[in-house]
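J.: I'd like to ask some things about the structure below.
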Amino acid sequence: MSAAALAPVLQKLYGNERSAYHLTADYTWGWTQQESIQAATEALGWKTVNNVLTPLAQTDFSSYIAPVLNSGADVLVLNHYGGNMVNSLTNAVQFGLREKQVNGKNFEIVVPLYSELMAKGAGANIKGIVGSQNWDWKLEDEGTKAFVKSFGTKYGFPPSQAAQTCYAQAMLYADAVERAGSFNPCAVAEALEGFEFDGLGNGKTLYRADDHQCFKDVLVVRGAENPQDEFHLVEIVEVTPVGQVTYAPDHPMFAGGELGQCNPGA
Amino acid sequence: MGILEVKDVNKRFGGLKALSDVNLSVQENTVHAIIGPNGAGKSTLLNCLVGKLIPDTGSVMFDGKSVLGRKPFEINQMGISRVFQTPEIFGNLTVMENMMIPLLAKRDGAYRLHAIESIDHEKDLVETAEQMLKDVNMIDKRNMHSASMSRGDKRRLEMAMCLVQNPKLLLLDEPTAGMARADTNNTIDLLKEIKATRDITIAIIEHDMHVVFSLADRITVLAQGTPLVEDLPENIKGHPKVQEAYLGEAH
Amino acid sequence: MGSFILQILNGLDKGSAYALIALGLTLIFGTLGVVNFAHGALFMIGAFCAVTLSRMLSLSFEEVDPTKTDFLGQPLVVKTPYVYDWFGPEAGAAIIDWAVPLAILMAIPIMIAIGFIMERGLIKHFYKRPHADQILVTFGLAIVLQEIVKANFGANPVPTPAPTAFQGSFDFGIWLGFDPNIIIYPYWRMVYFAFAAVIIGGVFAFLQFTTFGMVVRAGMADRETVGLLGINIDKRFTIMFGLAAAVAGLAGVMYAPINSPNFHMGMDFLVLSFVVVVVGGMGSLPGAVLAGFLLGILESFASMNEVKSIIPGIDQIIIYLVAIVILLTRPRGLMGRKGVMED
């Protein structure tokens, strides 16, 4: 999903002739994200020089970053999330990758999915880094505005993506329980299957029944070069409509097999 | 009043009574030997004197002050030094460094900046240490790592480390244990010389009767944690109780 | 060849942090006989000394700029650091820029004080208890310390950059006659290596060439005898605990720009440091340093693509693999002595 949203922007910013070096967190999320980014960028004409799996518990990525410049790649894709991403991006910038020229082009770093909490952890290193987000407090819809206003008044800073997710999920769960008339997880799951809603800030959102995947607009963002304050570390480059990122339930890259029987756990 | 006064000392280890009602008076500038069969409580008594063990009851006075409740380093600073059964030296240090430790202890009071100075700044201490090493014929080994020395040399070094502090009371725990006859005689000569040239009181635990009778001014015989007799060496030799408890068993 | 040199550099740099932490751990174990599981927390607190100083230097007064608005649409509050006001914007910015190196000065007394309090207030009471009790109490202390930091600084990493002068990287390759971009290495990581070398050299010099160090070495060999010779070794060992805490803290201060400090960073290093200590040999200071660098270099080599392509995932287990091999072939570690932790 990130890949489908990101690819057109990457093409626009960095062109069709790029060689990418992937560092990927060694677990399911990392693998699938890397696979989809590789597919989407290769469709643009990019080459994939290497994909290196990094241990999830890694904190110092220097030994993985060090060989990148000499690999012939001119883009580094960090398929890392959370603390992994904060550290790997910090290390990559430390190695001076952002200032380097390779193949006659400026070396670029891409983080396919990040949040402003991660941007905050990475500090100035996030400048100019392109990626995608679920939600951002700077969106202009009514749901977002209302949430930012009440959250910001209470805490003195705008809500993070994580805050919005927690809030939205709690609301959705409460609503699903009410509609199902039960706390039974299977009944709640059923109430959410194929559920479509709007107004929580993410735009129109669907929990597809076939594979329980969530589909909504995706934000393409970039680390601000000169943030006006600590709340403007990232800027929204584009909102990719849900239509562009939706895939068929049996898409070979994402299909996860049958959902199986619901087990309520009791 | 002796320089060391042990009164009614008792020490139990669980059900075992290691010392019971021990009374001992060591007179200044004498050599006082404590003998007795294995398990008589000699080492326990010594450990009570240096603060390694605390008696259950009784008192231990040194030079008019109680040693009980003081930490081993404080007791040492009162003027009691101890030589162990097995040489307790610092194998990772050189001979010279080993000698410096007890000398540094002498000024181990309030913290002064010279604690972080190099050894070369302690000229007076170095001179004292060198003189002592000369006295025990070890000056040529000053930069040797002490772990690599012979057992006899280790023993001599340890003795030197105690003597260099100029203790008022020297406690010797079987100083000739495991030594060849020649080394034993050397040690006896060394101790005689120490006794003759210094103001020092020596309390010695020893199995070797040759050593005991060569050195001791008085002898206390300990058996099953209690002093059996205390007397002059010539009276101890033929004492029937001693024969029974100790000498008889030993031979 | 280039990538080989690069990974050696990298291993030395990784090894610097391992060696510093393991050195402090060994100082504590070698003197007090305590396995200090709170040592990683001391490293973390050091890093947060850098964070704190950088925040203190950035303390600002607030002015309302009515021409701009904040995210809630209210007039924007503009913050200006006091140091800008006191020393002028340029000098003020330079002071804030140099917060991390300046934090060294702040961290030394703070870490020594924390070390003293820890030893006198808590760990002292556990000397006569089994190692398992010591491990539990120090591990518990580590959790308490990291929760305190979390409560004050939040759970997120706090970016703490190096001075601008040390940002970016140096092309070693050109210097050695290679093509550009083959061996590049960040300035700050080189600073870290040099710093670690100075600290390690300093600790060894202190132990080797001062009378204080001599007494401590004697005490490490035989604590009881040093006491019987009239030395208050407990006091010196307390000072050594403070010194070990300072070493861990300084390692943390300088590490702050390498990875943004977070409350958990100490735990990330703790397990590794223990492997380093065990491989080096419990109680051996040179062993701790040697093993630190050795494991750093091996870890770097294991993450090379050439190596990973032969044995996938080797980078995840190399450290533990080495530990197992060492313990099977040399149970006392590379430079361990007989009788340590064997009673």
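FYI, nothing fancy with the structure tokens labels: chains A, B, ... in order, residues from 1 per chain, ligands from 1 as they appear.
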Write out as a ChimeraX atom specification all residues of range 69-215 of chain A that DSSP puts in strand (DSSP E or B) for this structure's backbone.
T.: /A:75-79,101-102,105-106,108-113,127,130-133,196-197,205-207,214-215
J.: Would you mind listing what lies within 8 Å of range 108-125 of chain A as a PyMOL selection string, with only C-alpha atoms counted and same-chain residues fewer than 4 positions away left out?
T.: (chain A and resi 2-3+6+37+74-83+85-87+89-90+93+97-98+129-133+160-161+223+230+233-234) or (chain C and resi 156-159+260)
J.: Please list as JSON, numbers by chain every residue within 12 Å of Asp198 in chain A, counting only C-alpha atoms and excluding residues in the same chain fewer than 3 positions away.
T.: {"A": [141, 142, 143, 144, 168, 172, 195, 201, 202, 203, 204, 205, 206, 207, 215, 216, 217]}
J.: Those selected residues, please, written with N, CA and C atoms and delivered as a compact mmCIF listing (two decimals), in the first residue's frame.
T.:
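As written to disk, part09.txt reads:
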# COMPACT_ATOMS: atom_id res chain seq x y z
N ASP A 141 -9.35 17.82 7.18
CA ASP A 141 -10.75 17.40 7.30
C ASP A 141 -11.30 17.71 8.69
N GLU A 142 -12.59 17.67 8.83
CA GLU A 142 -13.24 18.09 10.07
C GLU A 142 -12.89 17.19 11.25
N GLY A 143 -12.85 15.87 10.99
CA GLY A 143 -12.53 14.92 12.06
C GLY A 143 -11.15 15.23 12.64
N THR A 144 -10.18 15.43 11.76
CA THR A 144 -8.82 15.74 12.20
C THR A 144 -8.79 17.04 12.99
N ALA A 168 -8.91 6.34 17.47
CA ALA A 168 -9.81 5.83 16.44
C ALA A 168 -10.15 4.36 16.70
N LEU A 172 -13.74 2.67 17.28
CA LEU A 172 -14.22 1.63 16.37
C LEU A 172 -14.62 0.38 17.12
N PHE A 195 -16.71 -3.35 7.12
CA PHE A 195 -17.21 -2.11 7.70
C PHE A 195 -16.55 -0.90 7.04
N GLY A 201 -10.73 11.07 10.55
CA GLY A 201 -9.50 11.75 10.16
C GLY A 201 -8.76 11.08 9.02
N ASN A 202 -8.98 9.78 8.87
CA ASN A 202 -8.27 9.07 7.82
C ASN A 202 -9.01 9.07 6.49
N GLY A 203 -10.12 9.77 6.45
CA GLY A 203 -10.94 9.71 5.24
C GLY A 203 -11.74 8.43 5.21
N LYS A 204 -12.32 8.16 4.06
CA LYS A 204 -13.16 6.97 3.94
C LYS A 204 -12.30 5.72 4.11
N THR A 205 -12.72 4.86 5.02
CA THR A 205 -11.90 3.70 5.36
C THR A 205 -12.74 2.44 5.28
N LEU A 206 -12.11 1.38 4.74
CA LEU A 206 -12.81 0.10 4.62
C LEU A 206 -12.00 -1.01 5.29
N TYR A 207 -12.68 -1.82 6.14
CA TYR A 207 -12.08 -3.06 6.61
C TYR A 207 -12.60 -4.17 5.72
N PHE A 215 -8.26 -0.33 4.13
CA PHE A 215 -7.95 0.49 2.95
C PHE A 215 -8.42 1.92 3.15
N LYS A 216 -7.48 2.84 2.93
CA LYS A 216 -7.81 4.26 3.05
C LYS A 216 -6.77 5.06 2.28
N ASP A 217 -6.97 6.37 2.20
CA ASP A 217 -5.98 7.21 1.55
C ASP A 217 -4.65 7.11 2.27
J.: Name all residues at most 10 Å from range 194-196 of chain B (count only C-alpha atoms; drop same-chain ones fewer than 2 positions away) and give them as a count of residues only.
T.: 15
J.: Please tabulate, as CSV, the residues of chain C that come within 9 Å of chain A, each with its closest pair of atoms and the distance in Å to one decimal, counting only C-alpha atoms and ordering rows by chain, then residue number upward.
T.:
residue,atom,partner,partner_atom,distance
C:Ser3,CA,A:Pro67,CA,6.7
C:Leu6,CA,A:Ala66,CA,7.1
C:Gln7,CA,A:Ser63,CA,6.6
C:Asn10,CA,A:Ser63,CA,6.3
C:Gly11,CA,A:Ser63,CA,7.9
C:Lys14,CA,A:Asp60,CA,8.1
C:Phe71,CA,A:Pro158,CA,7.3
C:Leu72,CA,A:Lys149,CA,6.3
C:Asn156,CA,A:Gly121,CA,6.3
C:Pro157,CA,A:Gly121,CA,4.8
C:Val158,CA,A:Gly121,CA,5.4
C:Pro159,CA,A:Gly123,CA,5.3
C:Thr160,CA,A:Gly123,CA,8.1
C:Pro161,CA,A:Gly123,CA,8.4
C:Gln167,CA,A:Gln94,CA,6.5
C:Gly168,CA,A:Gly96,CA,4.6
C:Ser169,CA,A:Gly96,CA,5.2
C:Phe170,CA,A:Phe95,CA,8.4
C:Pro180,CA,A:Asn70,CA,8.8
C:Asn181,CA,A:Asn70,CA,6.0
C:Ile182,CA,A:Asn70,CA,5.2
C:Ile183,CA,A:Ala66,CA,8.0
C:Ile184,CA,A:Phe95,CA,7.1
C:Tyr185,CA,A:Phe95,CA,6.0
C:Pro186,CA,A:Phe95,CA,5.0
C:Tyr187,CA,A:Gln94,CA,8.2
C:Trp188,CA,A:Gln94,CA,8.0
C:Arg189,CA,A:Gln94,CA,8.7
C:Pro257,CA,A:Thr90,CA,8.7
C:Ile258,CA,A:Asn91,CA,6.9
C:Asn259,CA,A:Asn87,CA,5.6
C:Ser260,CA,A:Gly121,CA,6.8
C:Pro261,CA,A:Gly121,CA,9.0
C:Met265,CA,A:Thr59,CA,8.4
C:Asp268,CA,A:Thr59,CA,7.6
C:Glu299,CA,A:Ser63,CA,8.3
C:Ser300,CA,A:Ser63,CA,5.4
C:Phe301,CA,A:Ser63,CA,8.1
C:Ser303,CA,A:Ser63,CA,6.3
C:Met304,CA,A:Tyr64,CA,7.3
C:Asn305,CA,A:Val52,CA,7.3
C:Lys308,CA,A:Val52,CA,8.7
C:Pro312,CA,A:Leu53,CA,9.0
C:Gly313,CA,A:Pro55,CA,8.0
C:Asp315,CA,A:Pro55,CA,7.6
C:Gln316,CA,A:Pro55,CA,6.0
J.: Could you please take those selected residues and save N, CA and C atoms as a short mmCIF file (atom, residue, chain, number, x, y, z; two decimals), in the first residue's frame?
T.:
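Dumped to result.cif:
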data_model
loop_
_atom_site.label_atom_id
_atom_site.label_comp_id
_atom_site.auth_asym_id
_atom_site.auth_seq_id
_atom_site.Cartn_x
_atom_site.Cartn_y
_atom_site.Cartn_z
N SER C 3 36.29 -3.00 1.76
CA SER C 3 35.21 -3.30 2.70
C SER C 3 35.75 -3.98 3.95
N LEU C 6 37.03 -1.23 6.08
CA LEU C 6 35.86 -0.51 6.57
C LEU C 6 35.26 -1.23 7.79
N GLN C 7 35.15 -2.56 7.67
CA GLN C 7 34.54 -3.29 8.79
C GLN C 7 35.47 -3.37 9.99
N ASN C 10 34.89 -0.18 11.67
CA ASN C 10 33.59 -0.23 12.27
C ASN C 10 33.58 -1.09 13.53
N GLY C 11 34.30 -2.20 13.45
CA GLY C 11 34.39 -3.09 14.61
C GLY C 11 35.09 -2.41 15.76
N LYS C 14 32.47 -0.02 17.24
CA LYS C 14 31.49 -0.76 18.05
C LYS C 14 32.16 -1.27 19.31
N PHE C 71 -0.36 25.82 16.25
CA PHE C 71 -1.19 24.81 15.59
C PHE C 71 -2.64 24.87 16.02
N LEU C 72 -2.92 25.57 17.12
CA LEU C 72 -4.31 25.71 17.54
C LEU C 72 -4.91 27.03 17.08
N ASN C 156 10.32 7.95 24.03
CA ASN C 156 10.88 8.13 22.69
C ASN C 156 12.36 8.46 22.73
N PRO C 157 13.10 8.05 21.69
CA PRO C 157 14.49 8.47 21.62
C PRO C 157 14.59 10.00 21.49
N VAL C 158 15.59 10.57 22.10
CA VAL C 158 15.77 12.02 22.06
C VAL C 158 16.99 12.34 21.21
N PRO C 159 16.79 12.92 20.04
CA PRO C 159 17.97 13.19 19.20
C PRO C 159 18.92 14.16 19.89
N THR C 160 20.19 13.80 19.91
CA THR C 160 21.20 14.59 20.61
C THR C 160 22.42 14.68 19.70
N PRO C 161 22.41 15.61 18.75
CA PRO C 161 23.45 15.57 17.73
C PRO C 161 24.83 15.97 18.22
N GLN C 167 29.88 16.46 12.38
CA GLN C 167 28.86 15.74 11.62
C GLN C 167 29.43 15.38 10.26
N GLY C 168 28.79 14.41 9.62
CA GLY C 168 29.29 13.97 8.33
C GLY C 168 30.41 12.97 8.49
N SER C 169 31.03 12.63 7.35
CA SER C 169 32.01 11.55 7.40
C SER C 169 33.28 11.93 6.65
N PHE C 170 34.30 11.16 6.93
CA PHE C 170 35.62 11.41 6.38
C PHE C 170 35.94 10.28 5.41
N PRO C 180 37.27 7.26 -4.24
CA PRO C 180 36.35 7.88 -3.30
C PRO C 180 35.19 6.95 -2.95
N ASN C 181 34.58 7.18 -1.79
CA ASN C 181 33.37 6.48 -1.36
C ASN C 181 33.56 5.01 -1.01
N ILE C 182 34.80 4.55 -0.93
CA ILE C 182 34.97 3.14 -0.59
C ILE C 182 35.11 2.98 0.92
N ILE C 183 35.96 3.79 1.52
CA ILE C 183 36.08 3.71 2.98
C ILE C 183 35.75 5.08 3.56
N ILE C 184 34.47 5.28 3.86
CA ILE C 184 34.12 6.52 4.53
C ILE C 184 33.73 6.19 5.96
N TYR C 185 34.05 7.10 6.86
CA TYR C 185 33.69 6.83 8.24
C TYR C 185 33.28 8.11 8.94
N PRO C 186 32.21 8.07 9.74
CA PRO C 186 31.73 9.30 10.38
C PRO C 186 32.76 9.88 11.34
N TYR C 187 32.88 11.19 11.31
CA TYR C 187 33.82 11.87 12.20
C TYR C 187 33.56 11.53 13.66
N TRP C 188 32.26 11.59 14.04
CA TRP C 188 31.98 11.42 15.45
C TRP C 188 32.35 10.04 15.96
N ARG C 189 32.19 9.03 15.07
CA ARG C 189 32.54 7.68 15.50
C ARG C 189 34.05 7.57 15.68
N PRO C 257 25.23 11.02 20.44
CA PRO C 257 25.05 11.39 19.03
C PRO C 257 25.03 10.20 18.08
N ILE C 258 25.57 9.06 18.51
CA ILE C 258 25.63 7.91 17.61
C ILE C 258 24.24 7.31 17.43
N ASN C 259 23.55 7.09 18.53
CA ASN C 259 22.15 6.68 18.46
C ASN C 259 21.37 7.50 19.48
N SER C 260 20.28 8.08 19.05
CA SER C 260 19.49 8.92 19.95
C SER C 260 19.20 8.17 21.25
N PRO C 261 19.53 8.76 22.39
CA PRO C 261 19.32 8.06 23.67
C PRO C 261 17.85 7.75 23.93
N MET C 265 18.24 1.98 26.29
CA MET C 265 19.52 1.72 25.61
C MET C 265 20.51 0.94 26.49
N ASP C 268 19.99 -2.72 26.12
CA ASP C 268 20.47 -3.22 24.83
C ASP C 268 21.94 -3.59 24.91
N GLU C 299 31.50 -8.95 15.08
CA GLU C 299 30.11 -8.59 14.78
C GLU C 299 30.05 -7.84 13.45
N SER C 300 31.00 -6.96 13.23
CA SER C 300 31.03 -6.21 11.98
C SER C 300 31.26 -7.13 10.79
N PHE C 301 32.21 -8.05 10.95
CA PHE C 301 32.46 -8.98 9.84
C PHE C 301 31.24 -9.83 9.55
N SER C 303 28.25 -9.08 9.75
CA SER C 303 27.16 -8.40 9.05
C SER C 303 27.54 -8.04 7.62
N MET C 304 28.73 -8.45 7.18
CA MET C 304 29.09 -8.21 5.77
C MET C 304 28.25 -9.09 4.86
N ASN C 305 27.85 -8.51 3.72
CA ASN C 305 27.01 -9.27 2.81
C ASN C 305 27.68 -10.55 2.34
N LYS C 308 27.19 -12.95 5.13
CA LYS C 308 25.77 -13.29 5.30
C LYS C 308 25.25 -14.16 4.17
N PRO C 312 23.37 -17.22 6.28
CA PRO C 312 22.37 -16.17 6.56
C PRO C 312 22.09 -16.09 8.06
N GLY C 313 21.93 -14.89 8.55
CA GLY C 313 21.57 -14.73 9.96
C GLY C 313 22.73 -14.85 10.92
N ASP C 315 24.90 -12.78 11.59
CA ASP C 315 25.09 -11.53 12.35
C ASP C 315 24.24 -11.51 13.62
N GLN C 316 23.17 -12.31 13.64
CA GLN C 316 22.33 -12.30 14.83
C GLN C 316 22.91 -13.13 15.96
#
J.: Can you work out the spacing between CA of Ala40 in chain B and CA of Arg155 in chain B in Å, to one decimal?
T.: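 Separation of CA of Ala40 in chain B and CA of Arg155 in chain B: 24.4 Å.
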J.: List the spatial neighbours of Arg156 in chain B as a VMD selection string - criterion: any atom at most 9 Å away, only C-alpha atoms, same-chain residues fewer than 6 positions off excluded.
T.: chain B and resid 87 136 138 187
J.: Please write the residues from the selection above to a file, keeping N, CA and C atoms, as a PDB file, in the first residue's frame.
T.:
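Dumped everything to result-v2.pdb:
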ATOM      1  N   PRO B  87      51.769 -18.197  52.513  1.00  0.00           N
ATOM      2  CA  PRO B  87      52.159 -16.817  52.242  1.00  0.00           C
ATOM      3  C   PRO B  87      51.038 -16.047  51.537  1.00  0.00           C
ATOM      4  N   VAL B 136      66.314  -8.394  54.346  1.00  0.00           N
ATOM      5  CA  VAL B 136      65.920  -9.795  54.164  1.00  0.00           C
ATOM      6  C   VAL B 136      66.547 -10.391  52.910  1.00  0.00           C
ATOM      7  N   MET B 138      66.536  -9.496  49.747  1.00  0.00           N
ATOM      8  CA  MET B 138      65.673  -9.669  48.567  1.00  0.00           C
ATOM      9  C   MET B 138      65.757  -8.481  47.633  1.00  0.00           C
ATOM     10  N   THR B 187      64.738 -19.059  59.222  1.00  0.00           N
ATOM     11  CA  THR B 187      63.621 -18.306  59.777  1.00  0.00           C
ATOM     12  C   THR B 187      63.818 -18.084  61.271  1.00  0.00           C
TER      13      THR B 187
END
J.: As a ChimeraX atom specification, please: the residues near Gly115 in chain C (cut-off 9 Å, only C-alpha atoms, same-chain neighbours under 3 positions excluded).
T.: /C:42,110-112,118-120,238-246
J.: I need the chosen residues saved as a compact mmCIF listing (two decimals), in the first residue's frame, with all heavy atoms.
T.:
# COMPACT_ATOMS: atom_id res chain seq x y z
N LEU C 42 23.73 2.75 34.04
CA LEU C 42 24.67 3.85 34.24
C LEU C 42 25.08 4.44 32.90
O LEU C 42 25.21 5.66 32.75
CB LEU C 42 25.90 3.36 35.01
CG LEU C 42 25.63 2.93 36.46
CD1 LEU C 42 26.86 2.26 37.06
CD2 LEU C 42 25.23 4.13 37.30
N ILE C 110 28.46 13.86 38.39
CA ILE C 110 27.16 13.22 38.59
C ILE C 110 27.29 11.71 38.65
O ILE C 110 26.76 11.04 39.55
CB ILE C 110 26.18 13.62 37.45
CG1 ILE C 110 25.81 15.09 37.60
CG2 ILE C 110 24.94 12.73 37.45
CD1 ILE C 110 24.85 15.58 36.56
N MET C 111 28.06 11.14 37.72
CA MET C 111 28.18 9.69 37.68
C MET C 111 28.92 9.16 38.92
O MET C 111 28.57 8.12 39.47
CB MET C 111 28.91 9.23 36.41
CG MET C 111 28.19 9.52 35.12
SD MET C 111 26.45 9.06 35.06
CE MET C 111 26.53 7.29 35.31
N ILE C 112 29.96 9.89 39.33
CA ILE C 112 30.70 9.45 40.52
C ILE C 112 29.76 9.48 41.73
O ILE C 112 29.72 8.52 42.51
CB ILE C 112 31.94 10.33 40.75
CG1 ILE C 112 32.97 10.05 39.65
CG2 ILE C 112 32.55 10.06 42.13
CD1 ILE C 112 34.23 10.88 39.73
N MET C 118 24.91 4.48 44.98
CA MET C 118 24.52 3.11 44.66
C MET C 118 25.26 2.11 45.54
O MET C 118 24.68 1.18 46.09
CB MET C 118 24.89 2.83 43.20
CG MET C 118 23.74 2.43 42.33
SD MET C 118 24.32 2.43 40.62
CE MET C 118 24.58 0.68 40.42
N GLU C 119 26.57 2.33 45.64
CA GLU C 119 27.40 1.36 46.37
C GLU C 119 27.13 1.45 47.87
O GLU C 119 26.89 0.43 48.53
CB GLU C 119 28.87 1.63 46.06
CG GLU C 119 29.79 0.45 46.36
CD GLU C 119 30.34 0.45 47.76
OE1 GLU C 119 30.38 1.53 48.42
OE2 GLU C 119 30.74 -0.61 48.26
N ARG C 120 27.17 2.66 48.40
CA ARG C 120 26.99 2.82 49.85
C ARG C 120 25.56 2.55 50.27
O ARG C 120 25.29 2.06 51.35
CB ARG C 120 27.40 4.23 50.29
CG ARG C 120 28.88 4.50 50.27
CD ARG C 120 29.62 3.77 51.38
NE ARG C 120 30.13 2.47 50.95
CZ ARG C 120 30.72 1.61 51.74
NH1 ARG C 120 30.86 1.88 53.01
NH2 ARG C 120 31.16 0.47 51.28
N THR C 238 34.91 1.75 47.08
CA THR C 238 33.78 2.64 46.81
C THR C 238 34.18 3.67 45.75
O THR C 238 33.41 3.97 44.82
CB THR C 238 33.36 3.38 48.09
OG1 THR C 238 33.05 2.42 49.08
CG2 THR C 238 32.14 4.26 47.84
N ILE C 239 35.41 4.18 45.89
CA ILE C 239 35.89 5.14 44.90
C ILE C 239 35.98 4.47 43.52
O ILE C 239 35.63 5.05 42.50
CB ILE C 239 37.25 5.71 45.35
CG1 ILE C 239 37.03 6.56 46.61
CG2 ILE C 239 37.90 6.53 44.24
CD1 ILE C 239 38.28 7.08 47.25
N MET C 240 36.41 3.21 43.51
CA MET C 240 36.49 2.50 42.24
C MET C 240 35.10 2.31 41.63
O MET C 240 34.94 2.36 40.42
CB MET C 240 37.15 1.11 42.43
CG MET C 240 38.62 1.17 42.73
SD MET C 240 39.55 2.27 41.63
CE MET C 240 39.58 1.33 40.13
N PHE C 241 34.11 2.10 42.48
CA PHE C 241 32.73 1.98 41.97
C PHE C 241 32.33 3.29 41.31
O PHE C 241 31.75 3.29 40.22
CB PHE C 241 31.78 1.63 43.12
CG PHE C 241 30.46 1.08 42.65
CD1 PHE C 241 30.19 -0.26 42.76
CD2 PHE C 241 29.50 1.90 42.07
CE1 PHE C 241 28.99 -0.78 42.32
CE2 PHE C 241 28.30 1.39 41.62
CZ PHE C 241 28.04 0.05 41.75
N GLY C 242 32.67 4.39 41.98
CA GLY C 242 32.40 5.69 41.38
C GLY C 242 33.12 5.86 40.06
O GLY C 242 32.55 6.35 39.07
N LEU C 243 34.35 5.41 40.02
CA LEU C 243 35.13 5.52 38.78
C LEU C 243 34.50 4.67 37.67
O LEU C 243 34.35 5.11 36.52
CB LEU C 243 36.57 5.06 39.04
CG LEU C 243 37.52 5.16 37.86
CD1 LEU C 243 37.87 6.62 37.60
CD2 LEU C 243 38.81 4.36 38.11
N ALA C 244 34.09 3.44 38.03
CA ALA C 244 33.46 2.57 37.04
C ALA C 244 32.16 3.19 36.53
O ALA C 244 31.86 3.12 35.33
CB ALA C 244 33.19 1.20 37.66
N ALA C 245 31.42 3.81 37.43
CA ALA C 245 30.17 4.47 37.03
C ALA C 245 30.50 5.63 36.09
O ALA C 245 29.81 5.86 35.09
CB ALA C 245 29.42 4.98 38.25
N ALA C 246 31.59 6.35 36.38
CA ALA C 246 31.97 7.46 35.52
C ALA C 246 32.38 6.97 34.14
O ALA C 246 32.03 7.58 33.12
CB ALA C 246 33.10 8.25 36.16
J.: Step one, run DSSP on the backbone; step two, keep only residues of range 136-188 of chain A assigned to alpha helix (DSSP H); then write them as a ChimeraX atom specification.
T.: /A:142-155,161-180,185-188
J.: Counting only C-alpha atoms, which residues in chain B sit no more than 8 Å from chain C? For each one, give the nearest pair of atoms and the distance in Å, sorted by chain then residue number, as a tab-separated table.
T.:
residue	atom	partner	partner_atom	distance
B:Val50	CA	C:Leu228	CA	7.3
B:Pro72	CA	C:Leu228	CA	5.2
B:Phe73	CA	C:Gly230	CA	3.8
B:Glu74	CA	C:Gly230	CA	6.3
B:Ile75	CA	C:Gly230	CA	7.3
B:Asn76	CA	C:Gly230	CA	4.7
B:Gln77	CA	C:Gly230	CA	5.4
B:Ser81	CA	C:Leu229	CA	6.8
B:Arg82	CA	C:Leu228	CA	7.3
B:Glu88	CA	C:Thr225	CA	6.8
B:Ile89	CA	C:Thr225	CA	7.9
B:Phe90	CA	C:Ala218	CA	5.7
B:Gly91	CA	C:Ala221	CA	7.4
B:Asn92	CA	C:Ala221	CA	7.0
B:Leu93	CA	C:Ala218	CA	7.0
B:Glu97	CA	C:Met214	CA	7.2
B:Asn98	CA	C:Ala218	CA	7.9
B:Ile101	CA	C:Val215	CA	6.2
B:Pro102	CA	C:Leu229	CA	5.4
B:Leu104	CA	C:Ile231	CA	7.8
B:Ala105	CA	C:Ile231	CA	4.8
B:Lys106	CA	C:Gly230	CA	7.1
B:Asp108	CA	C:Ile231	CA	6.2
B:Ala115	CA	C:Phe212	CA	5.1
B:Ile116	CA	C:Thr210	CA	5.1
B:Glu117	CA	C:Thr210	CA	5.0
B:Ser118	CA	C:Thr210	CA	4.0
B:Ile119	CA	C:Thr211	CA	5.5
B:Cys162	CA	C:Leu229	CA	7.5
